[in-house]
Every structure is written in C-alpha cells, then in structure tokens.
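The structure appears right after this line, and notes come after that.
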Amino acid sequence: MICNLCPRSCGSDRENGIIGFCGVGKTAIVSRIAPHLWEEPCICTGNGSGTVFFSGCNLRCSFCQNGKISGGKLGREMTDSELADTYISLQDMGVCNINFVTPTPWVPNIKRSLDIAWERGLYLPTVYNCGGYESALALRSLKGYIGVYLPDFKYMDAELGRRFSGVGDYPEAAKKALHEMVNQRGEAVYDSDGTMVKGVIVRHLVLPNHTDDSMRVLEYLHREYGDSIVISIMSQYTPQPNAPDELSRKLTAEEYNSVVEYAKALGIKNAYIQDGESASESFIPEFR
Ligand code: SF4
C-alpha cells in the first residue's frame with residue numbers, strides 16, 4: 001500500500017513497514033479501549049461511548065490533548081480479529097456505539113475488523129471521530145461502515161492550519177471531506193434512547209485569540225448545511241506545554257460566549273455548547 005489515505009498523500013509504503021508521516025505502519029496500534037463518558041450527549045447514552053483510541057495522527061496540532069499517542073509510538077498492535085473482539089467486549093459492557101478515535105490512517109483495518117465483528121454479533125452503530133483532514137476518496141470507501149461522522153472543523157483560515165496543525169490546505173480538505181460525510185449520512189436519525197445512529201456532528205474547538213475564525217467556521221457550516229448537521233461548539237481548550245504564545249492560555253468566558261452568541265445570531269439551533277468547567281485537565285483521558 002502506497003498510502004494516500006489522507007490529504008497529505010505522503011506515499012509511504014506502509015504495507016512493507018515504512019512508517020508514514022502519521023507515525024504508523026501496517027498493523028493497527030491501539031492505545032486505549034474503554035467506555036468514555038464525555039462525548040456529546042447523543043453519542044454517549046447508556047454506559048457511554050465505546051471508544052477505541054488508535055495511535056498515530058496525520059495532523060500535528062500544537063494543542064493536541066492526545067499528544068502521548070498521536071506520534072504513533074504508544075499502544076499495542078492488534079490484528080483485525082482482535083479489534084473485532086474488542087468491539088464485542090465493549091458492546092457487552094453496555095456502551096451505545098463503537099467510536100473510532102483518530103481513525104484516519106486505519107480505514108482498511110477498520111473495515112476488515114467490522115466485517116469480522118458483524119459476523120460475531122456486533123449490532124451497535126459506529127462513530128468516525130476524526131480531525132477533519134480527511135481524503136474524500138477514503139471516506140467514500142467507508143460507505144456502509146459508519147453510522148455517525150464526528151469530524152472537527154478546526155479553521156477557516158488556512159494560515160492557522162499551517163501554524164497550528166502543520167498543514168497548508170486544512171480548510172479546503174475539510175470542506176471536501178465534510179461534503180462527502182453529509183452526502184453519506186445526511187439528516188440525523190436517533191433511536192428510542194436518544195442515541196444518534198446516523199448523522200454528522202461537526203466539532204469546533206474555539207481557540208483563545210481566534211474567535212473571529214470560529215465565527216467564519218460557523219458561518220460556513222450554517223450556510224452550507226443549515227440544521228441538517230449538529231454543531232458542537234467546544235470551550236475545553238487546554239494549553240499544552242509546547243503551545244505557541246498565542247495559544248498559551250485558556251479560553252476566556254467572554255471569548256466563548258461571543259462565539260455562542262454569534263451562532264445564535266446566525267440562527268443555528270442544532271448545536272451543543274459547553275460550560276466553562278469543561279476546560280479542565282480531567283477531560284483529557286489518561287493513556288496507559
Ligand atoms: S494516513 Fe499517514 S501514511 Fe497515509 S497519507 Fe496520511 S500521513 Fe501518509
């Protein structure tokens with residue numbers, strides 16, 4: 001496999017053990033498998049969301065909360081069959097979905113493992129929980145495999161993507177990816193427990209000093225998709241040790257409220273907001 005699974009298209013021969021920009025090779029590496037209670041309420045019913053945190057990432061965000069695993073070095077190698085068994089174990093624990101976190105480098109592994117898991121009795125919806133810097137072609141290959149797409153839409157200003165995540169084409173790539181996700185899953189569908197089983201939730205983390213860009217993101221999302229998608233406006237920005245100066249503090253309540261008020265003024269109704277308490281270290285899962 002000469003990898004072009006994400007817009008970096010770094011062309012690494014991962015099939016033969018060459019590590020890609022995302023830090024990973026052929027066999028899936030998983031860092032954490034556990035019920036998780038802090039996702040948006042509609043994907044976190046019952047005993048929580050059944051998260052599978054994959055190692056490696058195609059972005060290099062200076063504010064990454066999962067920095068310990070995004071480099072691809074921390075975790076355990078798992079075959080497709082072992083992955084399938086973990087989905088069944090999570091299902092047996094009463095979670096409401098199987099939530100693939102940082103799935104982008106692992107699309108083929110996810111598809112193969114789901115084929116096996118469905119044969120073994122998996123019936124829960126799946127969630128594709130990603131950074132938004134996705135290949136539309138790779139997403140197209142996931143048609144029929146994913147119930148809920150949960151992408152970030154981090155920036156509208158390409159310069160911010162370059163400075164904070166190490167990619168120069170973030171907005172264009174994220175727009176194309178989101179278009180494909182909405183085409184596949186469209187309007188949200190919920191089951192009788194209020195769990196979203198089909199749909200798209202777009203996360204936007206408001207950054208300190210950059211509320212103007214957040215407003216541009218919201219404008220775009222609302223203009224293109226109205227209330228057919230759910231928007232999650234997040235306040236939980238937590239400065240990491242190597243953050244650049246402009247991101248070295250938490251978001252203020254005034255900054256966050258100004259973005260929420262802007263969303264209301266645009267007429268956005270289908271949205272989640274957070275309270276200030278969310279900007280806490282306790283929202284960063286401990287990886288072992
Ligand atoms: S998924 Fe990884 S290896 Fe594949 S193109 Fe993207 S960065 Fe390169």
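Letters A, B, ... mark the chains of the structure tokens in the order given; residue numbers begin at 1 per chain; ligand numbers begin at 1, in order shown.
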Environment of ligand 1 within 9 Å, counting only C-alpha atoms and all ligand atoms, reported as a JSON list (two decimals) with N, CA and C atoms, in the first residue's frame:
```json
[["chain", "number", "residue", "atom", "x", "y", "z"],
["A", 2, "ILE", "N", 0.84, 1.99, -1.08],
["A", 2, "ILE", "CA", 1.48, 3.30, -1.09],
["A", 2, "ILE", "C", 0.42, 4.26, -0.56],
["A", 3, "CYS", "N", 0.59, 4.73, 0.65],
["A", 3, "CYS", "CA", -0.54, 5.31, 1.37],
["A", 3, "CYS", "C", -0.91, 6.70, 0.85],
["A", 4, "ASN", "N", -2.19, 6.82, 0.50],
["A", 4, "ASN", "CA", -2.77, 8.14, 0.22],
["A", 4, "ASN", "C", -4.12, 8.25, 0.94],
["A", 5, "LEU", "N", -4.16, 7.67, 2.14],
["A", 5, "LEU", "CA", -5.42, 7.63, 2.88],
["A", 5, "LEU", "C", -5.85, 8.99, 3.40],
["A", 6, "CYS", "N", -4.94, 9.94, 3.44],
["A", 6, "CYS", "CA", -5.33, 11.27, 3.90],
["A", 6, "CYS", "C", -4.76, 12.31, 2.92],
["A", 7, "PRO", "N", -5.18, 13.58, 3.04],
["A", 7, "PRO", "CA", -4.74, 14.57, 2.05],
["A", 7, "PRO", "C", -3.23, 14.83, 2.04],
["A", 8, "ARG", "N", -2.49, 14.37, 3.03],
["A", 8, "ARG", "CA", -1.03, 14.51, 2.95],
["A", 8, "ARG", "C", -0.47, 13.70, 1.80],
["A", 9, "SER", "N", -1.11, 12.56, 1.50],
["A", 9, "SER", "CA", -0.65, 11.68, 0.42],
["A", 9, "SER", "C", 0.86, 11.50, 0.47],
["A", 10, "CYS", "N", 1.35, 11.09, 1.63],
["A", 10, "CYS", "CA", 2.81, 11.05, 1.78],
["A", 10, "CYS", "C", 3.43, 9.85, 1.06],
["A", 11, "GLY", "N", 2.58, 8.92, 0.58],
["A", 11, "GLY", "CA", 3.08, 7.85, -0.28],
["A", 11, "GLY", "C", 3.95, 6.82, 0.41],
["A", 12, "SER", "N", 3.86, 6.70, 1.71],
["A", 12, "SER", "CA", 4.69, 5.72, 2.42],
["A", 12, "SER", "C", 4.23, 4.30, 2.09],
["A", 13, "ASP", "N", 5.19, 3.41, 1.94],
["A", 13, "ASP", "CA", 4.88, 2.01, 1.64],
["A", 13, "ASP", "C", 4.59, 1.30, 2.95],
["A", 14, "ARG", "N", 3.45, 1.58, 3.54],
["A", 14, "ARG", "CA", 3.14, 1.07, 4.88],
["A", 14, "ARG", "C", 3.00, -0.45, 4.87],
["A", 18, "ILE", "N", 7.11, 0.67, 6.04],
["A", 18, "ILE", "CA", 7.61, 2.05, 6.05],
["A", 18, "ILE", "C", 6.61, 2.92, 6.80],
["A", 19, "ILE", "N", 7.11, 3.64, 7.77],
["A", 19, "ILE", "CA", 6.24, 4.45, 8.62],
["A", 19, "ILE", "C", 5.84, 5.74, 7.89],
["A", 20, "GLY", "N", 4.57, 6.08, 7.94],
["A", 20, "GLY", "CA", 4.09, 7.29, 7.28],
["A", 20, "GLY", "C", 4.29, 8.53, 8.14],
["A", 21, "PHE", "N", 3.94, 9.69, 7.58],
["A", 21, "PHE", "CA", 4.02, 10.93, 8.35],
["A", 21, "PHE", "C", 3.23, 10.79, 9.65],
["A", 22, "CYS", "N", 2.15, 10.05, 9.61],
["A", 22, "CYS", "CA", 1.28, 9.88, 10.78],
["A", 22, "CYS", "C", 1.91, 9.01, 11.85],
["A", 23, "GLY", "N", 3.08, 8.43, 11.56],
["A", 23, "GLY", "CA", 3.83, 7.72, 12.60],
["A", 23, "GLY", "C", 3.54, 6.24, 12.69],
["A", 24, "VAL", "N", 2.74, 5.70, 11.74],
["A", 24, "VAL", "CA", 2.37, 4.30, 11.86],
["A", 24, "VAL", "C", 2.57, 3.55, 10.55],
["A", 25, "GLY", "N", 2.63, 2.20, 10.69],
["A", 25, "GLY", "CA", 2.87, 1.34, 9.53],
["A", 25, "GLY", "C", 1.65, 0.51, 9.17],
["A", 56, "GLY", "N", -1.21, 7.23, 16.41],
["A", 56, "GLY", "CA", -0.81, 7.89, 15.16],
["A", 56, "GLY", "C", -1.82, 8.95, 14.76],
["A", 57, "CYS", "N", -1.34, 9.95, 14.03],
["A", 57, "CYS", "CA", -2.24, 11.01, 13.57],
["A", 57, "CYS", "C", -1.61, 11.72, 12.38],
["A", 58, "ASN", "N", -2.46, 12.13, 11.45],
["A", 58, "ASN", "CA", -1.95, 12.81, 10.25],
["A", 58, "ASN", "C", -1.82, 14.31, 10.44],
["A", 59, "LEU", "N", -2.22, 14.83, 11.60],
["A", 59, "LEU", "CA", -2.04, 16.25, 11.91],
["A", 59, "LEU", "C", -0.99, 16.38, 13.02],
["A", 104, "THR", "N", -8.15, 7.93, 10.89],
["A", 104, "THR", "CA", -7.78, 8.22, 9.50],
["A", 104, "THR", "C", -6.74, 7.26, 8.91],
["A", 105, "PRO", "N", -5.62, 6.96, 9.62],
["A", 105, "PRO", "CA", -4.64, 6.06, 8.99],
["A", 105, "PRO", "C", -5.08, 4.61, 8.96],
["A", 106, "TRP", "N", -6.25, 4.30, 9.54],
["A", 106, "TRP", "CA", -6.62, 2.91, 9.76],
["A", 106, "TRP", "C", -7.89, 2.50, 9.04],
["A", 107, "VAL", "N", -8.26, 3.19, 8.00],
["A", 107, "VAL", "CA", -9.52, 2.89, 7.31],
["A", 107, "VAL", "C", -9.61, 1.43, 6.86],
["A", 134, "GLU", "N", -9.34, 14.86, 6.03],
["A", 134, "GLU", "CA", -9.61, 13.52, 5.51],
["A", 134, "GLU", "C", -9.62, 13.54, 3.99],
["A", 135, "SER", "N", -9.37, 12.37, 3.41],
["A", 135, "SER", "CA", -9.50, 12.21, 1.97],
["A", 135, "SER", "C", -10.94, 11.83, 1.65]]
```
Helix (DSSP H, G or I) positions in stretch 113-281 of chain A, given as JSON, numbers by chain: {"A": [113, 114, 115, 116, 117, 118, 119, 136, 137, 138, 139, 140, 158, 159, 160, 161, 162, 163, 164, 165, 170, 171, 172, 173, 174, 175, 176, 177, 178, 179, 180, 181, 182, 183, 184, 185, 211, 212, 213, 214, 215, 216, 217, 218, 219, 220, 221, 222, 223, 224, 225, 226, 227, 228, 245, 246, 247, 253, 254, 255, 256, 257, 258, 259, 260, 261, 262, 263, 264, 265, 266, 276, 277, 278, 281]}
Write to file, as an mmCIF file, in the first residue's frame, the residues of the selection just made, with C-alpha atoms.
```cif
data_model
loop_
_atom_site.group_PDB
_atom_site.id
_atom_site.type_symbol
_atom_site.label_atom_id
_atom_site.label_comp_id
_atom_site.auth_asym_id
_atom_site.auth_seq_id
_atom_site.Cartn_x
_atom_site.Cartn_y
_atom_site.Cartn_z
ATOM 1 C CA SER A 113 -12.416 -5.664 11.541
ATOM 2 C CA LEU A 114 -16.029 -4.525 11.237
ATOM 3 C CA ASP A 115 -16.726 -7.218 8.649
ATOM 4 C CA ILE A 116 -15.493 -9.749 11.213
ATOM 5 C CA ALA A 117 -17.294 -8.126 14.165
ATOM 6 C CA TRP A 118 -20.635 -8.075 12.382
ATOM 7 C CA GLU A 119 -20.293 -11.809 11.786
ATOM 8 C CA ALA A 136 -12.956 12.264 0.364
ATOM 9 C CA LEU A 137 -11.952 9.167 -1.604
ATOM 10 C CA ALA A 138 -11.069 7.216 1.556
ATOM 11 C CA LEU A 139 -14.341 8.335 3.139
ATOM 12 C CA ARG A 140 -16.242 7.126 0.096
ATOM 13 C CA ALA A 158 -5.506 28.217 6.006
ATOM 14 C CA GLU A 159 -2.694 30.093 7.723
ATOM 15 C CA LEU A 160 -3.957 28.947 11.126
ATOM 16 C CA GLY A 161 -3.946 25.359 9.850
ATOM 17 C CA ARG A 162 -0.355 25.775 8.765
ATOM 18 C CA ARG A 163 0.730 27.385 12.053
ATOM 19 C CA PHE A 164 -1.132 25.187 14.499
ATOM 20 C CA SER A 165 -1.578 21.829 12.718
ATOM 21 C CA TYR A 170 -6.818 22.367 6.018
ATOM 22 C CA PRO A 171 -9.978 24.355 5.094
ATOM 23 C CA GLU A 172 -10.201 23.058 1.533
ATOM 24 C CA ALA A 173 -9.614 19.451 2.554
ATOM 25 C CA ALA A 174 -12.052 19.693 5.468
ATOM 26 C CA LYS A 175 -14.774 21.163 3.240
ATOM 27 C CA LYS A 176 -14.477 18.332 0.698
ATOM 28 C CA ALA A 177 -14.421 15.707 3.435
ATOM 29 C CA LEU A 178 -17.463 17.125 5.178
ATOM 30 C CA HIS A 179 -19.338 17.237 1.894
ATOM 31 C CA GLU A 180 -18.768 13.506 1.460
ATOM 32 C CA MET A 181 -19.777 12.765 5.069
ATOM 33 C CA VAL A 182 -23.050 14.686 4.752
ATOM 34 C CA ASN A 183 -23.756 13.024 1.389
ATOM 35 C CA GLN A 184 -23.414 9.635 3.033
ATOM 36 C CA ARG A 185 -25.239 10.182 6.304
ATOM 37 C CA THR A 211 -12.763 33.878 17.865
ATOM 38 C CA ASP A 212 -13.000 35.676 14.504
ATOM 39 C CA ASP A 213 -12.006 32.461 12.749
ATOM 40 C CA SER A 214 -14.520 30.475 14.826
ATOM 41 C CA MET A 215 -17.240 32.786 13.580
ATOM 42 C CA ARG A 216 -16.163 32.211 9.986
ATOM 43 C CA VAL A 217 -16.308 28.449 10.548
ATOM 44 C CA LEU A 218 -19.837 28.712 11.950
ATOM 45 C CA GLU A 219 -20.926 30.944 9.084
ATOM 46 C CA TYR A 220 -19.686 28.391 6.571
ATOM 47 C CA LEU A 221 -21.252 25.398 8.299
ATOM 48 C CA HIS A 222 -24.612 27.111 8.664
ATOM 49 C CA ARG A 223 -24.631 28.473 5.115
ATOM 50 C CA GLU A 224 -23.777 25.079 3.583
ATOM 51 C CA TYR A 225 -25.678 22.675 5.794
ATOM 52 C CA GLY A 226 -28.142 24.626 7.963
ATOM 53 C CA ASP A 227 -29.509 22.472 10.749
ATOM 54 C CA SER A 228 -29.082 19.209 8.831
ATOM 55 C CA ASP A 245 2.453 32.107 22.768
ATOM 56 C CA GLU A 246 -0.916 32.970 21.229
ATOM 57 C CA LEU A 247 -2.327 29.626 22.465
ATOM 58 C CA ALA A 253 -15.710 33.058 29.140
ATOM 59 C CA GLU A 254 -16.105 36.285 27.166
ATOM 60 C CA GLU A 255 -14.431 34.790 24.117
ATOM 61 C CA TYR A 256 -16.521 31.631 24.221
ATOM 62 C CA ASN A 257 -19.778 33.472 24.867
ATOM 63 C CA SER A 258 -19.133 35.803 21.942
ATOM 64 C CA VAL A 259 -18.924 32.782 19.620
ATOM 65 C CA VAL A 260 -22.061 31.200 21.078
ATOM 66 C CA GLU A 261 -23.960 34.478 20.708
ATOM 67 C CA TYR A 262 -22.777 34.692 17.120
ATOM 68 C CA ALA A 263 -24.100 31.185 16.457
ATOM 69 C CA LYS A 264 -27.465 32.218 17.872
ATOM 70 C CA ALA A 265 -27.495 35.368 15.758
ATOM 71 C CA LEU A 266 -26.832 33.269 12.648
ATOM 72 C CA GLY A 276 -16.650 26.878 31.362
ATOM 73 C CA GLU A 277 -15.920 23.963 33.657
ATOM 74 C CA SER A 278 -15.180 21.828 30.624
ATOM 75 C CA GLU A 281 -7.427 18.573 32.699
#
```
Selection: 7 Å around stretch 42-53 of chain A, only C-alpha atoms, excl. self and same-chain fewer than 5 positions, as a ChimeraX atom specification: /A:30-37,90,94-102,194-196
Considering only C-alpha atoms, can you say which of A:Cys61, A:Met93, A:Cys130, A:Leu142 comes closest to A:Gly166?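 Under the stated criterion, the closest residue is A:Cys61.
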Separation of atom CA of A:Ile231 from atom CA of A:Val127, in Å and rounded to one decimal: 15.4 Å
d(atom CA of A:Phe54, atom CA of A:Val148) in Å: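 Interatomic distance here is 17.5 Å.
You can rank A:Ile268, A:Ile88, A:Leu150, A:Ile69 by their closest distance to A:Leu122 using only C-alpha atoms, and at the top of that list sits A:Ile88.
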Spatial neighbours of A:Ile273, 8 Å, only C-alpha atoms, chain gap at least 6 places, as a PDB file with all heavy atoms, in the first residue's frame:
```pdb
ATOM      1  N   SER A 232     -21.035  21.152  17.348  1.00  0.00           N
ATOM      2  CA  SER A 232     -20.624  21.114  18.752  1.00  0.00           C
ATOM      3  C   SER A 232     -19.571  22.207  18.956  1.00  0.00           C
ATOM      4  O   SER A 232     -18.457  22.104  18.442  1.00  0.00           O
ATOM      5  CB  SER A 232     -20.055  19.726  19.073  1.00  0.00           C
ATOM      6  OG  SER A 232     -19.632  19.670  20.410  1.00  0.00           O
ATOM      7  N   ILE A 233     -19.959  23.245  19.676  1.00  0.00           N
ATOM      8  CA  ILE A 233     -19.067  24.397  19.870  1.00  0.00           C
ATOM      9  C   ILE A 233     -18.350  24.188  21.203  1.00  0.00           C
ATOM     10  O   ILE A 233     -18.965  24.256  22.266  1.00  0.00           O
ATOM     11  CB  ILE A 233     -19.859  25.718  19.874  1.00  0.00           C
ATOM     12  CG1 ILE A 233     -20.738  25.817  18.620  1.00  0.00           C
ATOM     13  CG2 ILE A 233     -18.905  26.913  19.951  1.00  0.00           C
ATOM     14  CD1 ILE A 233     -21.714  27.002  18.652  1.00  0.00           C
ATOM     15  N   MET A 234     -17.058  23.935  21.127  1.00  0.00           N
ATOM     16  CA  MET A 234     -16.340  23.452  22.307  1.00  0.00           C
ATOM     17  C   MET A 234     -15.504  24.540  22.980  1.00  0.00           C
ATOM     18  O   MET A 234     -14.812  25.314  22.312  1.00  0.00           O
ATOM     19  CB  MET A 234     -15.441  22.279  21.900  1.00  0.00           C
ATOM     20  CG  MET A 234     -16.222  21.177  21.216  1.00  0.00           C
ATOM     21  SD  MET A 234     -15.185  19.855  20.593  1.00  0.00           S
ATOM     22  CE  MET A 234     -14.919  18.932  22.089  1.00  0.00           C
ATOM     23  N   SER A 235     -15.563  24.547  24.308  1.00  0.00           N
ATOM     24  CA  SER A 235     -14.846  25.559  25.086  1.00  0.00           C
ATOM     25  C   SER A 235     -13.626  24.972  25.803  1.00  0.00           C
ATOM     26  O   SER A 235     -12.940  25.683  26.521  1.00  0.00           O
ATOM     27  CB  SER A 235     -15.775  26.154  26.149  1.00  0.00           C
ATOM     28  OG  SER A 235     -16.108  25.166  27.105  1.00  0.00           O
ATOM     29  N   VAL A 260     -20.727  31.795  20.907  1.00  0.00           N
ATOM     30  CA  VAL A 260     -22.061  31.200  21.078  1.00  0.00           C
ATOM     31  C   VAL A 260     -23.144  32.203  20.671  1.00  0.00           C
ATOM     32  O   VAL A 260     -24.110  31.848  19.972  1.00  0.00           O
ATOM     33  CB  VAL A 260     -22.262  30.730  22.537  1.00  0.00           C
ATOM     34  CG1 VAL A 260     -23.709  30.314  22.770  1.00  0.00           C
ATOM     35  CG2 VAL A 260     -21.323  29.571  22.846  1.00  0.00           C
TER      36      VAL A 260
END
```
Coordinates-based distance that separates atom CA of A:Arg60 from atom CA of A:Gln240 (Å, one decimal): 12.7 Å
Extract, using only C-alpha atoms, all DNA, RNA and protein residues at most 9 Å from A:Asn242, discarding same-chain residues fewer than 6 positions from it, and format them as a ChimeraX atom specification. /A:62-63,248
